[in-house]
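my_file20.csv (CSV, C-alpha atoms)
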chain,number,residue,atom,x,y,z
A,1,MET,CA,75.1,-32.7,-49.1
A,2,ALA,CA,78.8,-32.1,-49.6
A,3,ALA,CA,81.0,-31.4,-46.7
A,4,GLY,CA,81.0,-27.7,-45.7
A,5,LYS,CA,79.1,-25.3,-43.5
A,6,VAL,CA,75.8,-26.6,-42.2
A,7,THR,CA,73.1,-25.5,-39.8
A,8,VAL,CA,72.5,-27.5,-36.6
A,9,LYS,CA,69.4,-29.2,-38.1
A,10,GLU,CA,71.3,-30.1,-41.3
A,11,ALA,CA,74.1,-31.5,-39.2
A,12,GLN,CA,71.6,-33.6,-37.2
A,13,GLU,CA,70.0,-35.0,-40.3
A,14,LEU,CA,73.4,-36.0,-41.8
A,15,ILE,CA,74.2,-37.7,-38.5
A,16,ARG,CA,70.9,-39.6,-38.3
A,17,ARG,CA,71.5,-41.0,-41.8
A,18,VAL,CA,74.8,-42.5,-40.8
A,19,ALA,CA,74.1,-43.6,-37.2
A,20,ALA,CA,70.7,-45.2,-37.9
A,21,LYS,CA,72.4,-47.8,-40.1
A,22,LYS,CA,74.4,-49.2,-37.2
A,23,GLN,CA,71.7,-50.4,-34.8
A,24,GLU,CA,72.8,-53.8,-33.4
A,25,THR,CA,71.1,-55.9,-30.7
A,26,ASP,CA,72.1,-57.9,-27.7
A,27,GLU,CA,70.4,-59.8,-24.9
A,28,ALA,CA,70.5,-58.5,-21.4
A,29,VAL,CA,69.6,-60.1,-18.1
A,30,LEU,CA,66.8,-58.1,-16.5
A,31,TRP,CA,68.9,-57.3,-13.4
A,32,GLU,CA,71.5,-55.6,-15.7
A,33,ALA,CA,69.1,-54.0,-18.2
A,34,GLY,CA,68.7,-50.6,-16.5
A,35,GLY,CA,69.5,-47.8,-18.9
A,36,ARG,CA,69.5,-50.1,-21.9
A,37,VAL,CA,67.3,-49.5,-24.9
A,38,LEU,CA,64.6,-52.1,-25.8
A,39,ALA,CA,65.3,-53.5,-29.3
A,40,GLU,CA,61.8,-55.1,-29.8
A,41,ASP,CA,58.3,-54.6,-28.5
A,42,LEU,CA,57.8,-56.3,-25.2
A,43,ARG,CA,54.5,-58.2,-25.3
A,44,ALA,CA,52.5,-59.9,-22.6
A,45,ARG,CA,52.8,-63.6,-22.8
A,46,PHE,CA,49.8,-64.1,-20.4
A,47,SER,CA,47.3,-61.9,-18.6
A,48,HIS,CA,48.2,-60.3,-15.3
A,49,PRO,CA,47.0,-61.0,-12.8
A,50,PRO,CA,46.3,-64.5,-14.2
A,51,PHE,CA,43.2,-64.8,-11.9
A,52,PRO,CA,40.8,-62.5,-10.1
A,53,ARG,CA,42.4,-61.4,-6.9
A,54,SER,CA,41.6,-59.6,-3.7
A,55,PRO,CA,42.9,-56.0,-3.3
A,56,LEU,CA,42.6,-56.1,0.5
A,57,ASP,CA,42.1,-58.3,3.6
A,58,GLY,CA,38.5,-59.1,4.1
A,59,TYR,CA,35.8,-61.6,3.1
A,60,ALA,CA,34.9,-62.9,-0.4
A,61,VAL,CA,31.2,-63.1,-0.8
A,62,GLN,CA,28.2,-62.9,-3.2
A,63,ALA,CA,26.9,-59.3,-3.4
A,64,GLN,CA,23.3,-60.6,-3.4
A,65,ASP,CA,23.8,-61.7,0.2
A,66,LEU,CA,24.5,-58.1,1.2
A,67,LYS,CA,21.5,-56.4,-0.3
A,68,ASP,CA,19.8,-55.8,3.0
A,69,ALA,CA,23.0,-55.4,5.1
A,70,GLY,CA,23.5,-52.3,7.3
A,71,PRO,CA,24.8,-51.1,10.7
A,72,ASP,CA,21.6,-52.1,12.4
A,73,GLY,CA,20.9,-55.3,10.5
A,74,PRO,CA,24.1,-57.0,9.4
A,75,ALA,CA,24.2,-59.9,7.0
A,76,CYS,CA,25.3,-63.1,8.7
A,77,LEU,CA,27.3,-65.5,6.6
A,78,GLN,CA,29.0,-68.8,7.2
A,79,VAL,CA,32.8,-68.7,6.9
A,80,THR,CA,33.9,-71.8,5.0
A,81,GLU,CA,37.7,-71.3,4.8
A,82,LYS,CA,40.6,-69.0,4.8
A,83,VAL,CA,42.6,-68.2,1.6
A,84,CYS,CA,46.0,-66.4,1.8
A,85,ALA,CA,48.1,-65.0,-1.0
A,86,GLY,CA,49.8,-68.0,-2.8
A,87,GLN,CA,46.9,-70.3,-1.9
A,88,CYS,CA,43.8,-71.1,-4.0
A,89,SER,CA,40.3,-72.2,-2.9
A,90,LYS,CA,39.2,-75.6,-4.3
A,91,ARG,CA,35.5,-75.2,-3.9
A,92,ARG,CA,32.8,-72.9,-5.4
A,93,LEU,CA,31.3,-70.3,-3.0
A,94,LYS,CA,27.5,-70.8,-2.4
A,95,PRO,CA,24.9,-68.3,-1.4
A,96,GLY,CA,25.1,-67.5,2.4
A,97,GLU,CA,28.8,-68.3,2.5
A,98,ALA,CA,31.9,-66.2,2.9
A,99,VAL,CA,35.6,-67.0,2.5
A,100,ARG,CA,38.2,-65.2,4.7
A,101,ILE,CA,40.6,-63.8,2.2
A,102,MET,CA,43.9,-61.9,2.3
A,103,THR,CA,45.4,-59.3,0.0
A,104,GLY,CA,46.6,-60.8,-3.3
A,105,ALA,CA,44.8,-64.1,-2.9
A,106,PRO,CA,42.7,-65.5,-5.7
A,107,ILE,CA,39.0,-64.8,-5.3
A,108,PRO,CA,37.1,-68.1,-5.1
A,109,ALA,CA,34.8,-69.1,-7.9
A,110,GLY,CA,31.2,-68.0,-7.1
A,111,ALA,CA,32.3,-64.9,-5.2
A,112,ASP,CA,31.8,-61.5,-6.9
A,113,THR,CA,33.0,-59.0,-4.3
A,114,VAL,CA,35.3,-58.6,-1.3
A,115,VAL,CA,34.2,-56.9,1.8
A,116,ARG,CA,37.0,-55.2,3.7
A,117,GLN,CA,37.5,-56.6,7.2
A,118,GLU,CA,36.8,-53.2,8.8
A,119,ASP,CA,33.2,-53.5,7.7
A,120,THR,CA,32.7,-56.8,9.6
A,121,ASP,CA,33.0,-58.2,13.1
A,122,TYR,CA,36.1,-60.2,12.0
A,123,GLY,CA,34.2,-63.5,12.6
A,124,GLU,CA,36.0,-66.8,12.1
A,125,ARG,CA,33.1,-69.3,11.8
A,126,GLU,CA,30.4,-66.8,11.1
A,127,VAL,CA,30.9,-63.2,10.0
A,128,ARG,CA,28.6,-60.3,10.4
A,129,ILE,CA,28.8,-57.7,7.6
A,130,TYR,CA,27.5,-54.2,8.3
A,131,LYS,CA,27.5,-52.8,4.8
A,132,ARG,CA,25.8,-53.6,1.5
A,133,GLN,CA,28.1,-53.8,-1.5
A,134,ASP,CA,27.7,-54.1,-5.2
A,135,ALA,CA,29.1,-56.9,-7.3
A,136,TYR,CA,32.8,-56.4,-8.4
A,137,ASP,CA,33.5,-53.8,-5.8
A,138,ASN,CA,37.0,-54.5,-4.3
A,139,TYR,CA,37.5,-57.0,-7.0
A,140,CYS,CA,40.6,-57.1,-9.3
A,141,PRO,CA,39.7,-59.0,-12.4
A,142,GLU,CA,41.9,-61.3,-14.4
A,143,GLY,CA,44.0,-59.2,-16.7
A,144,GLU,CA,43.4,-56.0,-14.8
A,145,ASP,CA,47.0,-54.9,-15.3
A,146,PHE,CA,47.4,-56.2,-18.9
A,147,ARG,CA,46.1,-58.9,-21.2
A,148,GLU,CA,47.9,-61.6,-23.1
A,149,GLY,CA,49.3,-60.1,-26.4
A,150,ASP,CA,49.3,-56.5,-25.1
A,151,VAL,CA,52.4,-54.4,-26.0
A,152,LEU,CA,53.7,-53.5,-22.6
A,153,ILE,CA,56.8,-51.5,-23.7
A,154,GLN,CA,57.5,-50.3,-27.2
A,155,GLN,CA,60.9,-50.8,-28.8
A,156,GLY,CA,63.2,-47.8,-28.5
A,157,ALA,CA,62.2,-47.2,-24.9
A,158,ARG,CA,65.0,-46.8,-22.4
A,159,MET,CA,64.6,-49.2,-19.5
A,160,ASP,CA,64.1,-47.5,-16.2
A,161,ALA,CA,62.9,-48.8,-12.8
A,162,VAL,CA,59.2,-48.8,-13.8
A,163,ARG,CA,59.9,-50.5,-17.1
A,164,ILE,CA,62.1,-53.1,-15.4
A,165,GLY,CA,59.3,-53.7,-13.0
A,166,ILE,CA,56.8,-54.1,-15.8
A,167,ALA,CA,59.0,-56.6,-17.6
A,168,ALA,CA,59.4,-58.6,-14.4
A,169,SER,CA,55.7,-58.7,-13.8
A,170,ALA,CA,55.3,-60.2,-17.3
A,171,GLY,CA,57.8,-62.9,-16.4
A,172,TYR,CA,60.8,-61.7,-18.5
A,173,SER,CA,64.2,-62.6,-17.0
A,174,ARG,CA,66.0,-61.5,-20.2
A,175,ILE,CA,65.2,-58.9,-22.8
A,176,ARG,CA,66.6,-58.0,-26.2
A,177,VAL,CA,68.2,-54.5,-26.2
A,178,ARG,CA,70.3,-52.4,-28.4
A,179,LYS,CA,74.1,-52.8,-28.1
A,180,LYS,CA,75.7,-50.0,-26.2
A,181,VAL,CA,77.5,-47.4,-28.4
A,182,ARG,CA,81.2,-48.3,-28.2
A,183,THR,CA,82.8,-44.9,-27.8
A,184,ALA,CA,86.4,-43.6,-27.8
A,185,VAL,CA,87.2,-40.1,-26.4
A,186,LEU,CA,90.4,-38.4,-27.3
A,187,SER,CA,91.3,-35.1,-25.6
A,188,THR,CA,94.0,-33.3,-27.5
A,189,GLY,CA,96.4,-30.7,-26.2
A,190,THR,CA,100.0,-30.7,-24.8
A,191,GLU,CA,98.8,-28.2,-22.2
A,192,LEU,CA,96.4,-30.7,-20.6
A,193,CYS,CA,97.2,-32.4,-17.3
A,194,ALA,CA,95.5,-35.4,-15.7
A,195,PRO,CA,93.6,-34.6,-12.5
A,196,GLY,CA,95.7,-35.7,-9.5
A,197,MET,CA,99.0,-34.9,-11.1
A,198,PRO,CA,100.9,-31.7,-10.3
A,199,LEU,CA,100.4,-28.9,-12.9
A,200,GLY,CA,103.4,-28.1,-15.0
A,201,GLU,CA,104.1,-24.6,-16.3
A,202,GLY,CA,101.4,-23.4,-18.7
A,203,GLN,CA,99.2,-26.4,-18.0
A,204,ILE,CA,95.6,-26.8,-17.0
A,205,TYR,CA,93.6,-29.8,-15.8
A,206,ASP,CA,91.8,-31.7,-18.5
A,207,SER,CA,88.0,-31.4,-17.8
A,208,SER,CA,86.7,-32.2,-21.3
A,209,LEU,CA,87.9,-35.8,-21.3
A,210,TYR,CA,85.9,-36.5,-18.1
A,211,LEU,CA,82.9,-34.4,-19.1
A,212,ILE,CA,82.5,-36.1,-22.5
A,213,ALA,CA,83.2,-39.7,-21.2
A,214,GLU,CA,80.6,-39.4,-18.5
A,215,ARG,CA,78.0,-37.9,-20.7
A,216,VAL,CA,78.5,-40.6,-23.3
A,217,ARG,CA,77.9,-43.2,-20.5
A,218,GLU,CA,74.7,-41.4,-19.4
A,219,LEU,CA,73.5,-41.5,-23.0
A,220,GLY,CA,73.9,-45.2,-23.3
A,221,GLY,CA,77.5,-45.5,-24.5
A,222,GLU,CA,80.2,-47.9,-23.5
A,223,LEU,CA,83.6,-46.2,-23.0
A,224,VAL,CA,86.1,-48.4,-24.8
A,225,MET,CA,89.0,-45.8,-24.9
A,226,ALA,CA,89.7,-42.5,-23.2
A,227,GLU,CA,93.1,-40.9,-23.9
A,228,ARG,CA,94.9,-37.6,-23.6
A,229,VAL,CA,96.8,-36.9,-26.9
A,230,PRO,CA,99.7,-34.4,-27.3
A,231,ASP,CA,99.6,-31.9,-30.2
A,232,GLU,CA,101.6,-34.1,-32.5
A,233,GLU,CA,100.2,-35.3,-35.8
A,234,GLN,CA,101.8,-38.7,-35.8
A,235,ALA,CA,100.6,-39.4,-32.3
A,236,LEU,CA,97.1,-38.2,-33.1
A,237,ARG,CA,97.0,-40.4,-36.2
A,238,ALA,CA,98.1,-43.4,-34.2
A,239,TYR,CA,95.3,-42.9,-31.6
A,240,LEU,CA,92.7,-42.4,-34.4
A,241,ARG,CA,93.8,-45.7,-36.0
A,242,ARG,CA,93.4,-47.5,-32.7
A,243,ALA,CA,90.1,-45.9,-31.9
A,244,LYS,CA,88.5,-46.8,-35.2
A,245,THR,CA,89.2,-50.5,-34.6
A,246,CYS,CA,87.3,-50.6,-31.3
A,247,ALA,CA,84.7,-47.9,-31.5
A,248,ASP,CA,81.4,-47.1,-33.2
A,249,LEU,CA,81.8,-43.5,-32.3
A,250,VAL,CA,84.9,-41.3,-31.6
A,251,VAL,CA,84.7,-37.9,-30.0
A,252,THR,CA,87.8,-35.7,-30.1
A,253,THR,CA,88.1,-32.4,-28.3
A,254,GLY,CA,90.5,-29.6,-29.1
A,255,GLY,CA,92.7,-29.0,-32.2
A,256,VAL,CA,89.8,-28.1,-34.6
A,257,SER,CA,90.4,-24.4,-35.2
A,258,VAL,CA,93.0,-22.8,-37.5
A,259,GLY,CA,96.0,-22.5,-35.2
A,260,GLU,CA,99.5,-24.0,-35.8
A,261,LYS,CA,98.7,-26.8,-33.4
A,262,ASP,CA,95.2,-27.5,-34.5
A,263,LEU,CA,96.0,-30.8,-36.1
A,264,VAL,CA,92.8,-32.9,-35.8
A,265,ARG,CA,91.4,-32.2,-39.2
A,266,LYS,CA,94.8,-32.8,-40.9
A,267,ALA,CA,95.3,-36.1,-39.1
A,268,LEU,CA,91.8,-37.3,-40.1
A,269,GLU,CA,92.4,-36.3,-43.7
A,270,GLN,CA,95.7,-38.2,-43.7
A,271,GLU,CA,93.9,-41.3,-42.3
A,272,GLY,CA,91.4,-41.1,-45.2
A,273,ALA,CA,88.3,-39.8,-43.3
A,274,ARG,CA,85.3,-38.6,-45.3
A,275,PHE,CA,83.9,-35.4,-43.8
A,276,LEU,CA,80.1,-35.0,-43.4
A,277,PHE,CA,80.6,-31.3,-42.6
A,278,ASP,CA,83.4,-29.1,-41.4
A,279,ARG,CA,81.7,-26.2,-39.7
A,280,VAL,CA,78.4,-25.7,-37.9
A,281,LEU,CA,76.6,-22.3,-38.2
A,282,VAL,CA,76.2,-21.8,-34.5
A,283,LYS,CA,78.1,-20.5,-31.5
A,284,PRO,CA,79.9,-21.6,-29.5
A,285,GLY,CA,82.0,-24.3,-31.2
A,286,SER,CA,81.4,-23.5,-34.8
A,287,PRO,CA,84.6,-25.3,-36.0
A,288,THR,CA,83.0,-28.6,-34.9
A,289,THR,CA,83.3,-31.3,-37.6
A,290,ALA,CA,81.9,-34.8,-38.2
A,291,SER,CA,83.5,-37.4,-40.4
A,292,ILE,CA,83.5,-41.1,-41.2
A,293,LEU,CA,86.8,-42.9,-40.5
A,294,GLY,CA,86.5,-46.4,-42.0
A,295,THR,CA,83.0,-47.3,-40.6
A,296,THR,CA,83.4,-45.2,-37.4
A,297,LEU,CA,81.6,-41.8,-36.9
A,298,VAL,CA,84.0,-39.2,-35.6
A,299,PHE,CA,83.0,-35.9,-34.0
A,300,SER,CA,85.8,-33.3,-33.5
A,301,LEU,CA,84.7,-30.8,-30.9
A,302,SER,CA,86.1,-27.5,-29.6
A,303,GLY,CA,88.6,-27.7,-26.7
A,304,ASN,CA,86.6,-25.1,-24.8
A,305,PRO,CA,84.6,-27.0,-22.2
A,306,PHE,CA,81.3,-25.3,-22.7
A,307,ALA,CA,81.6,-25.3,-26.5
A,308,ALA,CA,82.3,-29.0,-26.3
A,309,ALA,CA,79.3,-29.5,-24.0
A,310,VAL,CA,76.9,-27.7,-26.4
A,311,HIS,CA,77.8,-29.9,-29.4
A,312,LEU,CA,77.8,-33.0,-27.1
A,313,GLU,CA,74.1,-32.2,-26.6
A,314,LEU,CA,73.2,-31.1,-30.1
A,315,LEU,CA,75.2,-33.6,-32.2
A,316,VAL,CA,76.8,-36.4,-30.2
A,317,ARG,CA,73.5,-37.0,-28.4
A,318,THR,CA,71.7,-37.1,-31.8
A,319,ALA,CA,74.2,-39.8,-32.9
A,320,THR,CA,73.8,-42.0,-29.8
A,321,ALA,CA,70.0,-41.8,-29.9
A,322,SER,CA,70.1,-42.9,-33.6
A,323,PHE,CA,72.6,-45.7,-32.9
A,324,LEU,CA,70.2,-46.9,-30.1
A,325,GLY,CA,67.0,-46.2,-32.0
A,326,CYS,CA,65.9,-44.2,-28.9
A,327,GLU,CA,64.1,-41.0,-29.7
A,328,GLU,CA,63.4,-40.2,-26.1
A,329,THR,CA,67.1,-39.5,-25.5
A,330,ALA,CA,67.5,-37.3,-28.7
A,331,PRO,CA,67.7,-33.6,-28.2
A,332,SER,CA,64.3,-32.1,-28.7
A,333,GLU,CA,63.6,-28.3,-28.9
A,334,LYS,CA,60.8,-27.1,-26.7
A,335,GLU,CA,59.2,-23.7,-26.4
A,336,GLY,CA,59.6,-21.8,-23.1
A,337,ILE,CA,59.0,-18.4,-21.6
A,338,LEU,CA,62.0,-16.3,-20.6
A,339,ILE,CA,61.8,-14.9,-17.1
A,340,SER,CA,65.0,-12.9,-17.2
A,341,GLU,CA,65.9,-10.4,-19.9
A,342,PHE,CA,68.7,-11.3,-22.4
A,343,GLN,CA,70.5,-8.6,-24.4
A,344,ARG,CA,73.5,-9.4,-26.7
A,345,PRO,CA,73.8,-9.1,-30.5
A,346,CYS,CA,74.3,-12.5,-32.2
A,347,ARG,CA,75.2,-12.7,-35.9
A,348,THR,CA,74.5,-16.4,-35.9
A,349,ASP,CA,72.4,-18.8,-33.8
A,350,ARG,CA,73.8,-19.2,-30.3
A,351,TRP,CA,73.2,-21.7,-27.5
A,352,ILE,CA,73.6,-20.5,-23.9
A,353,ARG,CA,73.3,-22.2,-20.5
A,354,GLY,CA,70.0,-21.8,-18.7
A,355,ARG,CA,67.8,-23.2,-16.0
A,356,GLU,CA,64.3,-24.4,-16.7
A,357,GLU,CA,61.3,-25.2,-14.5
A,358,SER,CA,57.9,-26.0,-16.0
A,359,GLY,CA,58.8,-24.2,-19.2
A,360,ARG,CA,60.0,-21.1,-17.5
A,361,ILE,CA,63.6,-20.2,-18.5
A,362,TRP,CA,66.2,-18.2,-16.5
A,363,ILE,CA,69.5,-17.3,-18.0
A,364,PRO,CA,72.5,-16.7,-15.7
A,365,GLU,CA,74.1,-13.3,-16.2
A,366,THR,CA,77.7,-14.1,-15.4
A,367,LYS,CA,80.4,-16.6,-16.4
A,368,GLU,CA,78.9,-17.3,-19.8
A,369,LYS,CA,82.1,-17.6,-21.9
A,370,SER,CA,83.0,-20.9,-23.7
A,371,GLY,CA,86.0,-21.6,-21.6
A,372,ILE,CA,84.0,-21.6,-18.4
A,373,LEU,CA,82.5,-24.8,-17.1
A,374,SER,CA,81.7,-24.0,-13.5
A,375,SER,CA,78.5,-22.0,-14.3
A,376,MET,CA,77.0,-25.1,-15.9
A,377,GLU,CA,76.4,-26.4,-12.3
A,378,GLY,CA,72.7,-26.2,-11.7
A,379,CYS,CA,71.8,-25.6,-15.4
A,380,SER,CA,69.2,-27.9,-16.7
A,381,CYS,CA,68.9,-26.7,-20.3
A,382,LEU,CA,70.5,-25.0,-23.3
A,383,VAL,CA,68.7,-22.0,-24.6
A,384,LYS,CA,68.7,-21.1,-28.3
A,385,ILE,CA,69.2,-17.4,-29.2
A,386,GLU,CA,68.4,-17.0,-32.9
A,387,LYS,CA,70.6,-15.0,-35.1
A,388,ASP,CA,70.0,-11.2,-35.3
A,389,ARG,CA,67.8,-11.3,-32.2
A,390,GLU,CA,69.6,-8.6,-30.2
A,391,ARG,CA,67.2,-8.4,-27.3
A,392,ILE,CA,64.8,-10.8,-25.7
A,393,ALA,CA,62.5,-9.2,-23.1
A,394,LYS,CA,61.2,-10.9,-20.0
A,395,GLY,CA,58.0,-12.9,-20.9
A,396,GLU,CA,59.0,-13.6,-24.5
A,397,LYS,CA,59.2,-17.1,-26.0
A,398,VAL,CA,62.5,-18.9,-26.5
A,399,TRP,CA,63.5,-22.4,-27.7
A,400,TYR,CA,65.4,-24.7,-25.4
A,401,ILE,CA,66.6,-28.3,-25.0
A,402,ARG,CA,66.7,-30.1,-21.7
A,403,ILE,CA,70.1,-31.6,-20.7
Let me see whether you can do it: turn the structure in this file into C-alpha cells.
Amino acid sequence: MAAGKVTVKEAQELIRRVAAKKQETDEAVLWEAGGRVLAEDLRARFSHPPFPRSPLDGYAVQAQDLKDAGPDGPACLQVTEKVCAGQCSKRRLKPGEAVRIMTGAPIPAGADTVVRQEDTDYGEREVRIYKRQDAYDNYCPEGEDFREGDVLIQQGARMDAVRIGIAASAGYSRIRVRKKVRTAVLSTGTELCAPGMPLGEGQIYDSSLYLIAERVRELGGELVMAERVPDEEQALRAYLRRAKTCADLVVTTGGVSVGEKDLVRKALEQEGARFLFDRVLVKPGSPTTASILGTTLVFSLSGNPFAAAVHLELLVRTATASFLGCEETAPSEKEGILISEFQRPCRTDRWIRGREESGRIWIPETKEKSGILSSMEGCSCLVKIEKDRERIAKGEKVWYIRI
C-alpha cells in the first residue's frame, strides 16, 4: 500500500510487517529478567518436585495400616525415624511403621500417605493415629508441578513475578529474551520548556517527552535518546540523523500539521525517509505519520498530549509488541457496555478517554480536548466512537482497548 491516508487497522498491519522483521535476542540473568519478553519456549529440564514429598508436618505411613483407625481405636505404629526438608530416608518403610516427616521432605519408599500431626498423639517412638486415610491422601507425587519436557512458559510471554518464579523452580538462572526496543524520543517546539526551568514568555512545560519516554519503557523499550528540539529544520535533521544511528524506533511529537513551523515531515523527506502512511483516518491526531529512516521506524505524533497518547497506544504500542514478538502487550479491541451516555457527532472514528471495570465503560464528561492531559488520570482505557455514530445510549455496546 502506497503512503497516504489509512485506517487504524491498515496502519497497524503496515507497522507489523516492518517491526516483525527486527526481532533480536539477548540473554538475561533471571534476577534482571522482569518485564523482558521470552525469546524461546522455556521447557522443564527435570520433573518438579523431583521426588514425592510431604505437603505438611505429620507421619508417613502405609494406608493399609489405618484401615481400622478411629477416635476410639487408634492405629499404633512404630516411629522409625524423623525426616526434615532437605533430608532423605535411607530405608524402605515396612507395614506397622511410621516416619515422622516435615513439610517438603521426601516421602520414604514404601509409604503411600501422610497423616497430619493433628490427627495423632504426636508420638516420638510410637504414634497413635486416630483417623483412617486412603493411599495418596496428603501426598505430592513426583512431577506434581511439571514433568520433564513440559513447556512451562511459551515464547513471546512477558516475564512477570509468577513467570520468574516458575523459571527459578525449573532451575534457570539465565533465560533468552528479546532485546529491548532501542527508542529515541524527540519533542519538537520552540515553545516547550523543560520541567524545573522557569517558563519564558509564551512557553509551556513539555509533558509529551516525559509521557512518551515513560510509556516506551513500560512497553519494553530502552530509552537511548530523549531530546527537546527547536522548530528549526536543520536542527531537526541533525537530531534525526543522530537518532537513526542508535535507535530501532524513533518517536517525534509536534510539528506534523500544516503550519509554518510544522517541519517534521519536510525534515524526514530531506533525510530520505520512506513514508508508510502520512495520515490516519481517526481523531484525535489524524496527521500522525510513520516512515522508515534508513532501517529505523519513525512515528511522528501530534504535539497535543492526548492526541499523542492515543497514537502511542494504537500505533507505537503495536510496533513495540511486534519488535518483541509479544502479542500480550499489543493493543487489543474488546467489547464493553457503556454505563454513561455519549452524544457528539463524529465524521470519522474517534478515540476518547474512559474508565473500565469488568467490561463496563464510563466516559468522563469534561476536559476531553486533545490538549488536555490531566483528565487522563484514573482512565484505564480508550473508547472507540465509530464514525457517524452521533449518540450512544447507556447500556449500548462499545469497543475499547485497555491502557
In file coordinates, which residues lie within 6 Å of (68.7, -15.2, -26.1) using all atoms listed in the file, given as a PyMOL selection string?
chain A and resi 342+385+392
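Distance annotation: of A:Ala20, A:Cys381, A:Cys246, A:Ala309, the residue with the minimal separation from Ser207 of chain A is A:Ala309; atom set is only C-alpha atoms.
Coordinates place atom CA of Ala105 of chain A at a distance of 20.3 Å from atom CA of Ile166 of chain A.
Between atom CA of Asp26 of chain A and atom CA of Ile153 of chain A lies a distance of 17.1 Å.
Ranking A:Thr318, A:Thr296, A:Gln133, A:Ser169 by their shortest atom-to-atom distance to Leu219 of chain A, with all atoms listed in the file included, puts A:Thr318 first.
Picture a line from atom CA of Ser380 of chain A to atom CA of Gly354 of chain A; it runs 6.5 Å.
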